[in-house]
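**Student:** One structure is given below, represented as structure tokens, and several questions about it will come after.
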Amino acid sequence: MRNHLYVLLLLLLFSSCEEVVDISLKNVQSAIVVEATVTNLPGSQTVKISTTTDYYNPSLPLMKQGAEISVLDDLGNSWLFNEISKGVYTNGDLTGKEGRKYTLEVKVDGKDITGESEMQTVTPIDSIRSEYFPGTRFADPGYFVI
């Protein structure tokens, strides 16, 4: 009798319940995504315009063509961006300056999209070194920059 009890306990221990969870995700309309970067490095500044995709339709994002893009700074200077490939726009004359505010204006598909940001001052690096981390059961060992 005692052996049957152990077998029964082992069977209960190794059996499991399975419940299917169905999360209802609604279909949504696509939205326009604007990815813009202005740096203080010489060279072209880039703006990419695409659309989001639905969870149930995981196709590649649609890149938006024919947008009118300009960047203005707080001193009144203005730069226009040219489309170099589908949904990718660049300007080679703009080089950001620390402390200046920049406003991005995008006109695409009859919509006006604007954004504003200030280029922060770059914090100088006073020292840099690497240190070996032996690792744990949750993290691999290796060198880290400090």
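Identifiers in the structure tokens: chain A, B, ... in order shown; residue index from 1 per chain; ligand index from 1 in order shown.
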Applying 12 Å and only C-alpha atoms, which residues near Asp112 in chain A remain after dropping the ones on its own chain fewer than 5 positions away? List them as an MDAnalysis selection string.
**Tutor:** chainID A and resid 32 34 67:70 104:107
**Student:** Can you tell me, as a VMD selection string, what residues are no more than 7 Å from Thr52 in chain A when counting only C-alpha atoms, ignoring any on the same chain fewer than 5 positions away?
**Tutor:** chain A and resid 30 to 33 61
**Student:** Using only C-alpha atoms, find the one residue out of A:Phe138, A:Thr95, A:Tyr55, A:Asp74 that sits nearest to Ser24 in chain A.
**Tutor:**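 Of all the options, A:Tyr55 lies closest to Ser24 in chain A.
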**Student:** Could you pull out the strand (DSSP E or B) residues of chain A, going by DSSP on the backbone, and write them as a PyMOL selection string?
**Tutor:** chain A and resi 32-37+45-51+63+68-73+78-85+88-91+101-108+111-118+130-133+142-145
**Student:** Residues within 7 Å of range 36-42 of chain A, please, as a PyMOL selection string. Count only C-alpha atoms; anything in the same chain fewer than 3 positions from it doesn't count.
**Tutor:** chain A and resi 45-48+95-97
**Student:** Just list as a PyMOL selection string whatever in range 9-125 of chain A DSSP marks as helix (DSSP H, G or I).
**Tutor:** chain A and resi 9-14
**Student:** I need the chosen residues saved as an mmCIF file, in the first residue's frame, with all heavy atoms.
**Tutor:**
data_model
loop_
_atom_site.group_PDB
_atom_site.id
_atom_site.type_symbol
_atom_site.label_atom_id
_atom_site.label_comp_id
_atom_site.auth_asym_id
_atom_site.auth_seq_id
_atom_site.Cartn_x
_atom_site.Cartn_y
_atom_site.Cartn_z
ATOM 1 N N LEU A 9 2.005 9.707 -5.628
ATOM 2 C CA LEU A 9 2.621 11.019 -5.391
ATOM 3 C C LEU A 9 3.578 11.401 -6.524
ATOM 4 O O LEU A 9 3.631 12.561 -6.939
ATOM 5 C CB LEU A 9 3.348 11.034 -4.048
ATOM 6 C CG LEU A 9 2.459 11.092 -2.815
ATOM 7 C CD1 LEU A 9 3.288 10.936 -1.546
ATOM 8 C CD2 LEU A 9 1.690 12.396 -2.780
ATOM 9 N N LEU A 10 4.339 10.442 -7.027
ATOM 10 C CA LEU A 10 5.243 10.710 -8.150
ATOM 11 C C LEU A 10 4.458 11.069 -9.405
ATOM 12 O O LEU A 10 4.851 11.974 -10.149
ATOM 13 C CB LEU A 10 6.148 9.512 -8.415
ATOM 14 C CG LEU A 10 7.337 9.355 -7.482
ATOM 15 C CD1 LEU A 10 8.060 8.046 -7.749
ATOM 16 C CD2 LEU A 10 8.296 10.522 -7.647
ATOM 17 N N LEU A 11 3.367 10.381 -9.659
ATOM 18 C CA LEU A 11 2.543 10.709 -10.824
ATOM 19 C C LEU A 11 1.963 12.110 -10.713
ATOM 20 O O LEU A 11 1.930 12.865 -11.684
ATOM 21 C CB LEU A 11 1.420 9.682 -10.984
ATOM 22 C CG LEU A 11 1.825 8.334 -11.546
ATOM 23 C CD1 LEU A 11 0.640 7.371 -11.510
ATOM 24 C CD2 LEU A 11 2.342 8.482 -12.955
ATOM 25 N N LEU A 12 1.501 12.481 -9.540
ATOM 26 C CA LEU A 12 0.977 13.837 -9.338
ATOM 27 C C LEU A 12 2.071 14.883 -9.484
ATOM 28 O O LEU A 12 1.853 15.968 -10.006
ATOM 29 C CB LEU A 12 0.317 13.946 -7.962
ATOM 30 C CG LEU A 12 -1.016 13.234 -7.802
ATOM 31 C CD1 LEU A 12 -1.484 13.302 -6.352
ATOM 32 C CD2 LEU A 12 -2.055 13.831 -8.717
ATOM 33 N N LEU A 13 3.267 14.538 -9.014
ATOM 34 C CA LEU A 13 4.390 15.470 -9.095
ATOM 35 C C LEU A 13 4.790 15.748 -10.545
ATOM 36 O O LEU A 13 5.093 16.882 -10.913
ATOM 37 C CB LEU A 13 5.583 14.909 -8.315
ATOM 38 C CG LEU A 13 6.835 15.762 -8.270
ATOM 39 C CD1 LEU A 13 6.554 17.027 -7.464
ATOM 40 C CD2 LEU A 13 7.983 14.994 -7.666
ATOM 41 N N PHE A 14 4.764 14.715 -11.400
ATOM 42 C CA PHE A 14 5.215 14.879 -12.777
ATOM 43 C C PHE A 14 4.091 15.203 -13.754
ATOM 44 O O PHE A 14 4.328 15.410 -14.936
ATOM 45 C CB PHE A 14 5.978 13.641 -13.252
ATOM 46 C CG PHE A 14 7.312 13.492 -12.600
ATOM 47 C CD1 PHE A 14 7.546 12.475 -11.687
ATOM 48 C CD2 PHE A 14 8.332 14.381 -12.868
ATOM 49 C CE1 PHE A 14 8.776 12.345 -11.074
ATOM 50 C CE2 PHE A 14 9.567 14.253 -12.261
ATOM 51 C CZ PHE A 14 9.788 13.233 -11.354
#
**Student:** Quick one: residues within 7 Å of Ile49 in chain A, only C-alpha atoms, excluding same-chain residues fewer than 4 positions away - as a PyMOL selection string?
**Tutor:** chain A and resi 33-35+63-64+87-88
**Student:** Please compute the CA of Leu80 in chain A-CA of Thr121 in chain A distance, one decimal, in Å.
**Tutor:**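 Pair CA of Leu80 in chain A / CA of Thr121 in chain A returns 24.7 Å.
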**Student:** Could you work out how far CA of Ser50 in chain A lies from CA of Asn91 in chain A, giving the answer in Å with one decimal?
**Tutor:** 18.2 Å
**Student:** Take CA of Glu98 in chain A and CA of Ser117 in chain A and report the distance between them in Å, one decimal.
**Tutor:**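 Result for CA of Glu98 in chain A versus CA of Ser117 in chain A: 11.3 Å, one decimal.
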**Student:** For a quick check of understanding, using only C-alpha atoms, which of A:Gln120, A:Asn27, A:Thr103, A:Ser44 has the smallest distance to Ile84 in chain A?
**Tutor:** A:Ser44
